[in-house]
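File shown: coords32.pdb. Contents: PDB, C-alpha atoms and all ligand atoms.
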```pdb
ATOM      1  CA  MET T   1      -9.116 -20.304  60.061
ATOM      2  CA  THR T   2     -11.388 -18.453  62.402
ATOM      3  CA  ALA T   3     -10.265 -15.000  61.269
ATOM      4  CA  SER T   4     -10.083 -13.743  57.716
ATOM      5  CA  TYR T   5      -7.448 -11.390  56.412
ATOM      6  CA  ASP T   6      -9.958  -8.547  56.577
ATOM      7  CA  ARG T   7      -9.234  -8.725  60.345
ATOM      8  CA  ILE T   8      -5.684 -10.098  60.439
ATOM      9  CA  GLY T   9      -4.500  -7.870  57.642
ATOM     10  CA  VAL T  10      -5.283  -4.478  59.111
ATOM     11  CA  ASP T  11      -1.703  -3.751  60.258
ATOM     12  CA  TYR T  12      -0.044  -6.318  58.010
ATOM     13  CA  ALA T  13       2.306  -4.109  56.003
ATOM     14  CA  ARG T  14       3.885  -2.724  59.181
ATOM     15  CA  PHE T  15       5.530  -5.949  60.359
ATOM     16  CA  ARG T  16       5.460  -7.996  57.166
ATOM     17  CA  LYS T  17       8.108  -6.326  55.028
ATOM     18  CA  PRO T  18       9.423  -8.653  52.309
ATOM     19  CA  ASP T  19      12.861  -9.996  53.164
ATOM     20  CA  PRO T  20      15.337  -9.288  50.328
ATOM     21  CA  ARG T  21      17.125 -12.659  50.696
ATOM     22  CA  ILE T  22      13.899 -14.612  50.470
ATOM     23  CA  ALA T  23      12.792 -12.364  47.588
ATOM     24  CA  ALA T  24      16.002 -13.232  45.703
ATOM     25  CA  ALA T  25      15.315 -16.971  46.126
ATOM     26  CA  ILE T  26      11.737 -16.573  44.869
ATOM     27  CA  HIS T  27      12.733 -14.448  41.881
ATOM     28  CA  ALA T  28      15.513 -16.863  40.900
ATOM     29  CA  ALA T  29      13.052 -19.756  41.102
ATOM     30  CA  LEU T  30      10.633 -17.938  38.785
ATOM     31  CA  GLY T  31      13.276 -18.084  36.031
ATOM     32  CA  GLN T  32      12.381 -16.434  32.751
ATOM     33  CA  GLY T  33       8.910 -15.165  32.035
ATOM     34  CA  GLU T  34       7.552 -11.720  31.400
ATOM     35  CA  THR T  35       4.024 -12.079  32.748
ATOM     36  CA  VAL T  36       3.633 -13.185  36.363
ATOM     37  CA  LEU T  37       0.500 -14.103  38.310
ATOM     38  CA  ASN T  38       0.768 -13.657  42.094
ATOM     39  CA  VAL T  39      -1.999 -15.584  43.877
ATOM     40  CA  GLY T  40      -2.861 -14.682  47.479
ATOM     41  CA  ALA T  41      -0.783 -11.598  46.833
ATOM     42  CA  GLY T  42      -1.700  -9.695  49.981
ATOM     43  CA  ALA T  43      -0.051  -6.303  50.199
ATOM     44  CA  GLY T  44       2.313  -7.152  47.323
ATOM     45  CA  SER T  45       5.326  -8.649  49.109
ATOM     46  CA  TYR T  46       7.801 -10.457  46.857
ATOM     47  CA  GLU T  47       6.284  -9.265  43.586
ATOM     48  CA  PRO T  48       9.110  -8.834  41.053
ATOM     49  CA  LEU T  49       9.429  -5.219  39.902
ATOM     50  CA  ASP T  50      11.017  -6.002  36.542
ATOM     51  CA  ARG T  51       8.129  -7.996  35.045
ATOM     52  CA  ARG T  52       4.417  -7.536  34.357
ATOM     53  CA  VAL T  53       2.658  -8.790  37.470
ATOM     54  CA  THR T  54      -1.049  -9.407  38.000
ATOM     55  CA  ALA T  55      -2.064  -9.918  41.608
ATOM     56  CA  VAL T  56      -5.019 -11.952  42.892
ATOM     57  CA  GLU T  57      -6.192 -11.294  46.425
ATOM     58  CA  PRO T  58      -9.589 -11.878  48.097
ATOM     59  CA  SER T  59      -9.238  -9.535  51.091
ATOM     60  CA  LEU T  60     -10.034  -5.830  50.699
ATOM     61  CA  ALA T  61      -8.036  -5.002  53.853
ATOM     62  CA  MET T  62      -4.960  -6.478  52.174
ATOM     63  CA  ILE T  63      -5.680  -4.874  48.812
ATOM     64  CA  ARG T  64      -5.901  -1.466  50.510
ATOM     65  CA  GLN T  65      -2.346  -1.902  51.828
ATOM     66  CA  ARG T  66      -0.850  -2.279  48.373
ATOM     67  CA  CYS T  67       1.371   0.607  47.279
ATOM     68  CA  PRO T  68      -0.153   2.819  44.595
ATOM     69  CA  SER T  69       2.738   1.727  42.364
ATOM     70  CA  ALA T  70       2.136  -2.005  42.982
ATOM     71  CA  ALA T  71       0.915  -4.355  40.280
ATOM     72  CA  SER T  72      -2.745  -4.285  39.310
ATOM     73  CA  VAL T  73      -4.861  -6.491  41.520
ATOM     74  CA  VAL T  74      -7.984  -8.554  40.910
ATOM     75  CA  GLN T  75     -10.179  -9.345  43.910
ATOM     76  CA  ALA T  76     -10.612 -13.111  43.582
ATOM     77  CA  SER T  77      -9.657 -16.437  45.138
ATOM     78  CA  ALA T  78      -7.204 -19.095  44.010
ATOM     79  CA  GLU T  79     -10.008 -21.604  43.497
ATOM     80  CA  PHE T  80     -11.681 -19.486  40.803
ATOM     81  CA  LEU T  81      -9.043 -17.613  38.831
ATOM     82  CA  PRO T  82     -10.750 -15.288  36.365
ATOM     83  CA  PHE T  83      -8.227 -15.846  33.560
ATOM     84  CA  SER T  84      -8.077 -17.932  30.420
ATOM     85  CA  ASP T  85      -5.962 -21.085  30.086
ATOM     86  CA  GLY T  86      -2.235 -20.340  29.814
ATOM     87  CA  ALA T  87      -2.724 -16.603  30.362
ATOM     88  CA  PHE T  88       0.586 -16.157  32.270
ATOM     89  CA  ASP T  89       4.194 -17.149  31.684
ATOM     90  CA  VAL T  90       4.822 -17.999  35.357
ATOM     91  CA  SER T  91       2.958 -17.806  38.636
ATOM     92  CA  MET T  92       3.689 -17.609  42.339
ATOM     93  CA  ALA T  93       1.854 -18.114  45.634
ATOM     94  CA  ILE T  94       3.727 -17.031  48.748
ATOM     95  CA  LEU T  95       2.767 -18.135  52.276
ATOM     96  CA  THR T  96      -0.876 -18.349  51.269
ATOM     97  CA  ILE T  97      -1.836 -21.913  50.285
ATOM     98  CA  HIS T  98      -2.726 -22.951  53.843
ATOM     99  CA  HIS T  99      -5.489 -20.306  53.837
ATOM    100  CA  TRP T 100      -7.247 -21.642  50.772
ATOM    101  CA  PRO T 101     -10.428 -23.605  51.530
ATOM    102  CA  ASP T 102      -9.670 -25.988  48.615
ATOM    103  CA  ARG T 103      -5.904 -26.194  48.100
ATOM    104  CA  GLU T 104      -6.009 -28.801  45.367
ATOM    105  CA  ARG T 105      -8.495 -26.810  43.314
ATOM    106  CA  GLY T 106      -6.487 -23.599  43.792
ATOM    107  CA  LEU T 107      -3.271 -25.248  42.641
ATOM    108  CA  ARG T 108      -4.950 -26.863  39.659
ATOM    109  CA  GLU T 109      -6.312 -23.426  38.749
ATOM    110  CA  MET T 110      -2.779 -22.016  38.919
ATOM    111  CA  ARG T 111      -1.625 -24.843  36.626
ATOM    112  CA  ARG T 112      -4.459 -24.098  34.194
ATOM    113  CA  VAL T 113      -3.660 -20.400  33.793
ATOM    114  CA  THR T 114       0.163 -20.764  33.790
ATOM    115  CA  ARG T 115       2.227 -21.790  30.753
ATOM    116  CA  GLY T 116       5.550 -22.168  32.590
ATOM    117  CA  ARG T 117       6.825 -22.385  36.138
ATOM    118  CA  ILE T 118       4.788 -22.261  39.319
ATOM    119  CA  VAL T 119       6.638 -21.176  42.474
ATOM    120  CA  LEU T 120       5.169 -21.749  45.932
ATOM    121  CA  LEU T 121       6.593 -20.721  49.281
ATOM    122  CA  THR T 122       5.083 -22.905  51.947
ATOM    123  CA  PHE T 123       5.808 -24.724  55.197
ATOM    124  CA  ASP T 124       6.496 -28.420  55.719
ATOM    125  CA  PRO T 125       4.084 -29.548  58.461
ATOM    126  CA  ALA T 126       6.526 -32.313  59.451
ATOM    127  CA  SER T 127       8.969 -29.636  60.721
ATOM    128  CA  ARG T 128       9.234 -28.921  64.430
ATOM    129  CA  PRO T 129      10.870 -25.498  64.892
ATOM    130  CA  TRP T 130      11.623 -24.571  68.509
ATOM    131  CA  LEU T 131       8.542 -22.364  68.948
ATOM    132  CA  THR T 132       6.439 -25.545  68.884
ATOM    133  CA  ASP T 133       8.117 -26.600  72.169
ATOM    134  CA  TYR T 134       6.203 -23.709  73.755
ATOM    135  CA  LEU T 135       3.149 -23.769  71.513
ATOM    136  CA  PRO T 136       2.471 -27.414  70.558
ATOM    137  CA  GLU T 137      -0.938 -26.280  69.270
ATOM    138  CA  LEU T 138       0.966 -24.926  66.259
ATOM    139  CA  VAL T 139       1.772 -28.518  65.273
ATOM    140  CA  THR T 140      -1.908 -29.477  65.374
ATOM    141  CA  LEU T 141      -2.810 -26.387  63.374
ATOM    142  CA  ASP T 142      -0.146 -26.932  60.714
ATOM    143  CA  GLU T 143      -0.992 -30.617  60.372
ATOM    144  CA  LYS T 144      -4.553 -29.487  59.657
ATOM    145  CA  GLN T 145      -3.909 -26.540  57.369
ATOM    146  CA  MET T 146      -0.607 -27.196  55.562
ATOM    147  CA  PRO T 147      -0.480 -29.664  52.661
ATOM    148  CA  VAL T 148       2.020 -32.466  53.284
ATOM    149  CA  MET T 149       4.948 -32.122  50.931
ATOM    150  CA  SER T 150       4.019 -35.195  48.846
ATOM    151  CA  GLU T 151       0.660 -33.642  47.921
ATOM    152  CA  TYR T 152       2.244 -31.024  45.656
ATOM    153  CA  GLU T 153       3.481 -33.734  43.313
ATOM    154  CA  GLN T 154       0.089 -35.468  43.343
ATOM    155  CA  TRP T 155      -1.642 -32.239  42.362
ATOM    156  CA  LEU T 156       0.911 -30.638  40.052
ATOM    157  CA  GLY T 157       3.221 -33.354  38.702
ATOM    158  CA  ALA T 158       7.003 -33.365  39.248
ATOM    159  CA  VAL T 159       8.149 -30.711  41.714
ATOM    160  CA  HIS T 160      11.524 -29.502  42.917
ATOM    161  CA  ILE T 161      11.583 -28.695  46.636
ATOM    162  CA  THR T 162      14.296 -26.676  48.383
ATOM    163  CA  ARG T 163      14.716 -25.374  51.929
ATOM    164  CA  VAL T 164      14.349 -21.652  52.538
ATOM    165  CA  LEU T 165      16.429 -20.723  55.554
ATOM    166  CA  VAL T 166      15.168 -17.829  57.656
ATOM    167  CA  PRO T 167      17.822 -15.137  58.218
ATOM    168  CA  HIS T 168      18.310 -14.143  61.891
ATOM    169  CA  ASP T 169      17.238 -10.591  61.080
ATOM    170  CA  CYS T 170      14.425 -11.499  58.687
ATOM    171  CA  THR T 171      12.384  -8.397  57.863
ATOM    172  CA  ASP T 172       9.178 -10.323  57.132
ATOM    173  CA  GLY T 173       7.524 -11.064  60.479
ATOM    174  CA  PHE T 174       5.947 -14.422  59.589
ATOM    175  CA  LEU T 175       5.486 -17.116  62.227
ATOM    176  CA  HIS T 176       9.074 -18.359  62.620
ATOM    177  CA  ALA T 177      10.819 -15.140  61.553
ATOM    178  CA  TYR T 178      11.768 -14.287  65.133
ATOM    179  CA  TRP T 179      13.594 -17.579  65.813
ATOM    180  CA  ARG T 180      16.697 -15.723  67.125
ATOM    181  CA  ARG T 181      14.727 -12.780  68.594
ATOM    182  CA  PRO T 182      12.353 -14.778  70.828
ATOM    183  CA  GLU T 183      11.362 -11.749  72.921
ATOM    184  CA  LEU T 184       9.499 -10.408  69.863
ATOM    185  CA  TYR T 185       6.891 -13.180  70.233
ATOM    186  CA  LEU T 186       5.814 -11.428  73.422
ATOM    187  CA  ASP T 187       4.799  -8.346  71.406
ATOM    188  CA  GLY T 188       1.059  -8.566  70.719
ATOM    189  CA  ARG T 189       1.228  -6.161  67.760
ATOM    190  CA  ARG T 190       3.636  -8.475  65.982
ATOM    191  CA  ARG T 191       1.525 -11.534  66.776
ATOM    192  CA  CYS T 192      -1.464  -9.762  65.178
ATOM    193  CA  GLY T 193       0.254  -9.923  61.780
ATOM    194  CA  ILE T 194       0.685 -13.717  62.085
ATOM    195  CA  SER T 195      -2.425 -15.712  61.166
ATOM    196  CA  SER T 196      -1.390 -18.768  63.227
ATOM    197  CA  PHE T 197      -1.747 -16.779  66.448
ATOM    198  CA  TRP T 198      -5.311 -15.865  65.447
ATOM    199  CA  ALA T 199      -6.033 -19.472  64.536
ATOM    200  CA  ILE T 200      -4.757 -21.102  67.750
ATOM    201  CA  GLY T 201      -6.618 -18.584  69.895
ATOM    202  CA  ASN T 202      -5.388 -18.402  73.456
ATOM    203  CA  ALA T 203      -1.604 -18.784  73.408
ATOM    204  CA  GLU T 204      -1.151 -17.214  76.832
ATOM    205  CA  ALA T 205       0.143 -20.297  78.677
ATOM    206  CA  GLY T 206       2.889 -21.019  76.158
ATOM    207  CA  LEU T 207       3.865 -17.380  75.867
ATOM    208  CA  LEU T 208       4.083 -17.123  79.658
ATOM    209  CA  ARG T 209       6.432 -20.109  79.730
ATOM    210  CA  LEU T 210       8.530 -18.435  77.046
ATOM    211  CA  LYS T 211       8.612 -15.171  78.995
ATOM    212  CA  ILE T 212       9.746 -16.942  82.150
ATOM    213  CA  ASP T 213      12.405 -18.935  80.271
ATOM    214  CA  LEU T 214      13.722 -15.726  78.706
ATOM    215  CA  GLU T 215      13.848 -13.987  82.073
ATOM    216  CA  THR T 216      15.593 -16.898  83.829
ATOM    217  CA  GLY T 217      18.043 -17.561  80.987
ATOM    218  CA  GLU T 218      16.577 -21.032  80.426
ATOM    219  CA  TRP T 219      15.735 -20.242  76.795
ATOM    220  CA  GLU T 220      19.357 -19.275  76.120
ATOM    221  CA  ARG T 221      20.647 -22.442  77.783
ATOM    222  CA  ARG T 222      18.207 -24.660  75.947
ATOM    223  CA  TYR T 223      18.728 -23.178  72.499
ATOM    224  CA  ALA T 224      22.362 -21.997  72.837
ATOM    225  CA  LYS T 225      23.236 -23.495  69.447
ATOM    226  CA  LEU T 226      20.725 -21.243  67.687
ATOM    227  CA  LEU T 227      22.536 -18.149  68.916
ATOM    228  CA  THR T 228      25.580 -19.193  66.879
ATOM    229  CA  GLN T 229      23.564 -19.479  63.633
ATOM    230  CA  ASP T 230      22.826 -16.752  61.089
ATOM    231  CA  ALA T 231      20.012 -18.642  59.456
ATOM    232  CA  TYR T 232      17.610 -21.372  60.559
ATOM    233  CA  ASP T 233      15.697 -24.140  58.863
ATOM    234  CA  ALA T 234      12.284 -23.533  60.431
ATOM    235  CA  GLY T 235      10.523 -25.648  57.795
ATOM    236  CA  TYR T 236       9.843 -23.175  54.991
ATOM    237  CA  ARG T 237      10.096 -24.710  51.553
ATOM    238  CA  LEU T 238      10.157 -23.452  47.997
ATOM    239  CA  VAL T 239       8.162 -25.757  45.731
ATOM    240  CA  VAL T 240       8.880 -25.234  42.045
ATOM    241  CA  VAL T 241       6.915 -26.855  39.257
ATOM    242  CA  HIS T 242       8.681 -26.676  35.928
TER
HETATM  243  C1  LIG T 301       0.139 -14.630  54.894
HETATM  244  S1  LIG T 301      -0.723 -13.700  53.675
HETATM  245  C2  LIG T 301       0.533 -13.714  52.412
HETATM  246  C3  LIG T 301       0.398 -12.537  51.497
HETATM  247  C4  LIG T 301       1.574 -12.355  50.550
HETATM  248  N1  LIG T 301       1.649 -13.445  49.597
HETATM  249  C5  LIG T 301       2.846 -12.200  51.328
HETATM  250  O1  LIG T 301       3.770 -12.997  51.140
HETATM  251  O2  LIG T 301       2.938 -11.267  52.117
HETATM  252  C6  LIG T 301      -1.919 -14.841  53.036
HETATM  253  C7  LIG T 301      -2.827 -14.240  51.987
HETATM  254  O3  LIG T 301      -3.626 -15.254  51.387
HETATM  255  C8  LIG T 301      -4.882 -14.671  51.103
HETATM  256  N2  LIG T 301      -5.905 -15.713  50.889
HETATM  257  C9  LIG T 301      -6.730 -16.278  51.793
HETATM  258  N3  LIG T 301      -7.545 -17.163  51.197
HETATM  259  C10 LIG T 301      -7.240 -17.159  49.878
HETATM  260  C11 LIG T 301      -7.740 -17.856  48.728
HETATM  261  N4  LIG T 301      -8.737 -18.749  48.822
HETATM  262  N5  LIG T 301      -7.196 -17.581  47.523
HETATM  263  C12 LIG T 301      -6.193 -16.679  47.406
HETATM  264  N6  LIG T 301      -5.672 -15.996  48.465
HETATM  265  C13 LIG T 301      -6.171 -16.230  49.676
HETATM  266  C14 LIG T 301      -5.147 -13.815  52.317
HETATM  267  O4  LIG T 301      -6.191 -12.874  52.109
HETATM  268  C15 LIG T 301      -3.781 -13.190  52.535
HETATM  269  O5  LIG T 301      -3.617 -11.984  51.846
END
```

What do you get writing this file as structure tokens?
Ligand SMILES: C[S@@+](CC[C@H](N)C(=O)[O-])C[C@H]1O[C@@H](n2cnc3c(N)ncnc32)[C@H](O)[C@@H]1O
Amino acid sequence: MTASYDRIGVDYARFRKPDPRIAAAIHAALGQGETVLNVGAGAGSYEPLDRRVTAVEPSLAMIRQRCPSAASVVQASAEFLPFSDGAFDVSMAILTIHHWPDRERGLREMRRVTRGRIVLLTFDPASRPWLTDYLPELVTLDEKQMPVMSEYEQWLGAVHITRVLVPHDCTDGFLHAYWRRPELYLDGRRRCGISSFWAIGNAEAGLLRLKIDLETGEWERRYAKLLTQDAYDAGYRLVVVH
């Protein structure tokens, strides 16, 4: 990561509104448990409102975007959680693990402070969603920053992994959220809320090819099947540790 969330996060809450369908999947995966730790909590997306949540977030820019009514937040990193062993019933980490300098340590810290389930929303770096046809540098980036799916079991013990399909009108503008609205990738303000665009740097060539393919109708011809789908397996995965 060349840019921290103190830069990326400035306009985050504007385009990164939690999607209710993904929220429902996360909350169901959390199961029972009254106290919840949310690590890499950002602006507070996906925090359940019906339980006692404690958020952990290192970036002040992200902390400042939390609603006044959001859960209390501690400025800290996953690798050094300032809580005692077994302090929480359950814990969650949503679209954040790839930013942690030491993923294994962060996950072991989550295990230490959590009595029950741990729920992670992450991305399988073996996936090749269509955007990588235009921006193959995303594959290189994800292979570098995303844990491979087998690592979760090595670090945390038995895990249950399920696909999280992205709805065609997903309200959370993460990297592959616009799979059926490809023209939105041409909007620089939206790209600013997506860390991968900061990390790959100059994406101009790929975006120009996308623009041309959209204008000529080539994109529609090439990905016609996608236009018939309401949801897409872009590679997002829910990892649940019981
Ligand atoms: C893509 S945002 C996700 C935020 C939130 N979970 C969500 O779903 O909107 C990634 C977050 O991870 C945070 N982060 C980066 N490094 C971290 C670390 N070492 N420990 C915990 N969080 C970290 C960033 O500051 C950022 O807020």

Near ligand LIG 301 (chain T), 6 Å: chain T residue rows, closest pairs, all atoms listed in the file, as JSON lines:
```
{"residue": "T:Tyr5", "atom": "CA", "partner": "T:LIG301", "partner_atom": "O4", "distance": 4.7}
{"residue": "T:Val39", "atom": "CA", "partner": "T:LIG301", "partner_atom": "C12", "distance": 5.6}
{"residue": "T:Gly40", "atom": "CA", "partner": "T:LIG301", "partner_atom": "N6", "distance": 3.3}
{"residue": "T:Ala41", "atom": "CA", "partner": "T:LIG301", "partner_atom": "N1", "distance": 4.1}
{"residue": "T:Gly42", "atom": "CA", "partner": "T:LIG301", "partner_atom": "O5", "distance": 3.5}
{"residue": "T:Ser45", "atom": "CA", "partner": "T:LIG301", "partner_atom": "O2", "distance": 4.6}
{"residue": "T:Glu57", "atom": "CA", "partner": "T:LIG301", "partner_atom": "N6", "distance": 5.2}
{"residue": "T:Pro58", "atom": "CA", "partner": "T:LIG301", "partner_atom": "O4", "distance": 5.4}
{"residue": "T:Ser59", "atom": "CA", "partner": "T:LIG301", "partner_atom": "O4", "distance": 4.6}
{"residue": "T:Met62", "atom": "CA", "partner": "T:LIG301", "partner_atom": "O5", "distance": 5.7}
{"residue": "T:Ser77", "atom": "CA", "partner": "T:LIG301", "partner_atom": "N5", "distance": 3.6}
{"residue": "T:Ala78", "atom": "CA", "partner": "T:LIG301", "partner_atom": "N5", "distance": 3.8}
{"residue": "T:Ile94", "atom": "CA", "partner": "T:LIG301", "partner_atom": "N1", "distance": 4.2}
{"residue": "T:Leu95", "atom": "CA", "partner": "T:LIG301", "partner_atom": "C2", "distance": 5.0}
{"residue": "T:Thr96", "atom": "CA", "partner": "T:LIG301", "partner_atom": "C6", "distance": 4.1}
{"residue": "T:His99", "atom": "CA", "partner": "T:LIG301", "partner_atom": "N3", "distance": 4.6}
{"residue": "T:Trp100", "atom": "CA", "partner": "T:LIG301", "partner_atom": "N4", "distance": 3.8}
{"residue": "T:Pro101", "atom": "CA", "partner": "T:LIG301", "partner_atom": "N4", "distance": 5.8}
```

From T:Ala231, T:Ile212, T:Val73, T:Ile118, residue lying nearest Val159 (chain T) [only C-alpha atoms]: T:Ile118

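Using only C-alpha atoms, the shortest contact distance between Tyr178 (chain T) and any of T:Leu238, T:Ala25, T:Ile161, T:Val166 is found at T:Val166.
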
Proximity to Leu60 (chain T) - best of T:Ile200, T:Leu207, T:Ala76, T:Ala24, all atoms listed in the file: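 Looking only at the distances to Leu60 (chain T), the closest residue turns out to be T:Ala76.
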
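Put simply, CA of Trp198 (chain T) is 29.3 Å away from CA of Ala224 (chain T).
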
Answer key for the PyMOL selection byres (((chain T and resi 233) around 9) and not hetatm), residues as a CSV table (one decimal) with C-alpha atoms, in the coordinates of the input:
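The resulting file, result.csv, is shown below:
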```
chain,number,residue,atom,x,y,z
T,127,SER,CA,9.0,-29.6,60.7
T,129,PRO,CA,10.9,-25.5,64.9
T,163,ARG,CA,14.7,-25.4,51.9
T,164,VAL,CA,14.3,-21.7,52.5
T,165,LEU,CA,16.4,-20.7,55.6
T,166,VAL,CA,15.2,-17.8,57.7
T,231,ALA,CA,20.0,-18.6,59.5
T,232,TYR,CA,17.6,-21.4,60.6
T,234,ALA,CA,12.3,-23.5,60.4
T,235,GLY,CA,10.5,-25.6,57.8
T,236,TYR,CA,9.8,-23.2,55.0
```

Selection result for the PyMOL selection byres (((chain T and resi 107-114) around 9) and not hetatm) on this file, as number ranges by chain: T: 36-37, 39, 78-81, 83-92, 97, 102-106, 115-118, 152, 155-156

Ground truth for the PyMOL selection byres (((chain T and resi 12-16) around 8) and not hetatm), written as a list of chain:residue names: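 Those residues are T:Ile8, T:Gly9, T:Val10, T:Asp11, T:Lys17, T:Pro18, T:Ala43, T:Met62, T:Gln65, T:Thr171, T:Asp172, T:Gly173, T:Phe174, T:Arg190, T:Gly193.
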
Convert the current residue selection to file output with C-alpha atoms, as a compact mmCIF listing (two decimals), in the frame of the given file.
```
# COMPACT_ATOMS: atom_id res chain seq x y z
CA ILE T 8 -5.68 -10.10 60.44
CA GLY T 9 -4.50 -7.87 57.64
CA VAL T 10 -5.28 -4.48 59.11
CA ASP T 11 -1.70 -3.75 60.26
CA LYS T 17 8.11 -6.33 55.03
CA PRO T 18 9.42 -8.65 52.31
CA ALA T 43 -0.05 -6.30 50.20
CA MET T 62 -4.96 -6.48 52.17
CA GLN T 65 -2.35 -1.90 51.83
CA THR T 171 12.38 -8.40 57.86
CA ASP T 172 9.18 -10.32 57.13
CA GLY T 173 7.52 -11.06 60.48
CA PHE T 174 5.95 -14.42 59.59
CA ARG T 190 3.64 -8.48 65.98
CA GLY T 193 0.25 -9.92 61.78
```

With N, CA and C atoms as the goal, would you fill in the gaps in region 207-224 of chain T and present it as an mmCIF file, in the frame of the given file?
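Generated file (selection.cif):
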```cif
data_model
loop_
_atom_site.group_PDB
_atom_site.id
_atom_site.type_symbol
_atom_site.label_atom_id
_atom_site.label_comp_id
_atom_site.auth_asym_id
_atom_site.auth_seq_id
_atom_site.Cartn_x
_atom_site.Cartn_y
_atom_site.Cartn_z
ATOM 1 N N LEU T 207 3.107 -18.635 75.904
ATOM 2 C CA LEU T 207 3.865 -17.380 75.867
ATOM 3 C C LEU T 207 4.384 -17.026 77.264
ATOM 4 N N LEU T 208 3.619 -17.383 78.287
ATOM 5 C CA LEU T 208 4.083 -17.123 79.658
ATOM 6 C C LEU T 208 5.312 -17.986 79.971
ATOM 7 N N ARG T 209 5.261 -19.235 79.509
ATOM 8 C CA ARG T 209 6.432 -20.109 79.730
ATOM 9 C C ARG T 209 7.653 -19.549 78.998
ATOM 10 N N LEU T 210 7.420 -19.035 77.802
ATOM 11 C CA LEU T 210 8.530 -18.435 77.046
ATOM 12 C C LEU T 210 9.083 -17.212 77.775
ATOM 13 N N LYS T 211 8.190 -16.385 78.279
ATOM 14 C CA LYS T 211 8.612 -15.171 78.995
ATOM 15 C C LYS T 211 9.468 -15.546 80.215
ATOM 16 N N ILE T 212 9.004 -16.528 80.946
ATOM 17 C CA ILE T 212 9.746 -16.942 82.150
ATOM 18 C C ILE T 212 11.115 -17.508 81.748
ATOM 19 N N ASP T 213 11.132 -18.335 80.703
ATOM 20 C CA ASP T 213 12.405 -18.935 80.271
ATOM 21 C C ASP T 213 13.377 -17.871 79.762
ATOM 22 N N LEU T 214 12.837 -16.810 79.163
ATOM 23 C CA LEU T 214 13.722 -15.726 78.706
ATOM 24 C C LEU T 214 14.271 -14.965 79.918
ATOM 25 N N GLU T 215 13.416 -14.742 80.889
ATOM 26 C CA GLU T 215 13.848 -13.987 82.073
ATOM 27 C C GLU T 215 14.869 -14.772 82.908
ATOM 28 N N THR T 216 14.700 -16.088 82.988
ATOM 29 C CA THR T 216 15.593 -16.898 83.829
ATOM 30 C C THR T 216 16.854 -17.339 83.082
ATOM 31 N N GLY T 217 16.891 -17.111 81.776
ATOM 32 C CA GLY T 217 18.043 -17.561 80.987
ATOM 33 C C GLY T 217 17.905 -19.002 80.512
ATOM 34 N N GLU T 218 16.786 -19.634 80.833
ATOM 35 C CA GLU T 218 16.577 -21.032 80.426
ATOM 36 C C GLU T 218 16.505 -21.157 78.901
ATOM 37 N N TRP T 219 15.837 -20.176 78.256
ATOM 38 C CA TRP T 219 15.735 -20.242 76.795
ATOM 39 C C TRP T 219 17.139 -20.246 76.181
ATOM 40 N N GLU T 220 17.997 -19.372 76.665
ATOM 41 C CA GLU T 220 19.357 -19.275 76.120
ATOM 42 C C GLU T 220 20.133 -20.559 76.330
ATOM 43 N N ARG T 221 19.943 -21.178 77.505
ATOM 44 C CA ARG T 221 20.647 -22.442 77.783
ATOM 45 C C ARG T 221 20.151 -23.536 76.848
ATOM 46 N N ARG T 222 18.816 -23.581 76.716
ATOM 47 C CA ARG T 222 18.207 -24.660 75.947
ATOM 48 C C ARG T 222 18.527 -24.582 74.455
ATOM 49 N N TYR T 223 18.564 -23.354 73.953
ATOM 50 C CA TYR T 223 18.728 -23.178 72.499
ATOM 51 C C TYR T 223 20.045 -22.467 72.171
ATOM 52 N N ALA T 224 21.077 -22.697 72.998
ATOM 53 C CA ALA T 224 22.362 -21.997 72.837
ATOM 54 C C ALA T 224 22.895 -22.105 71.409
#
```
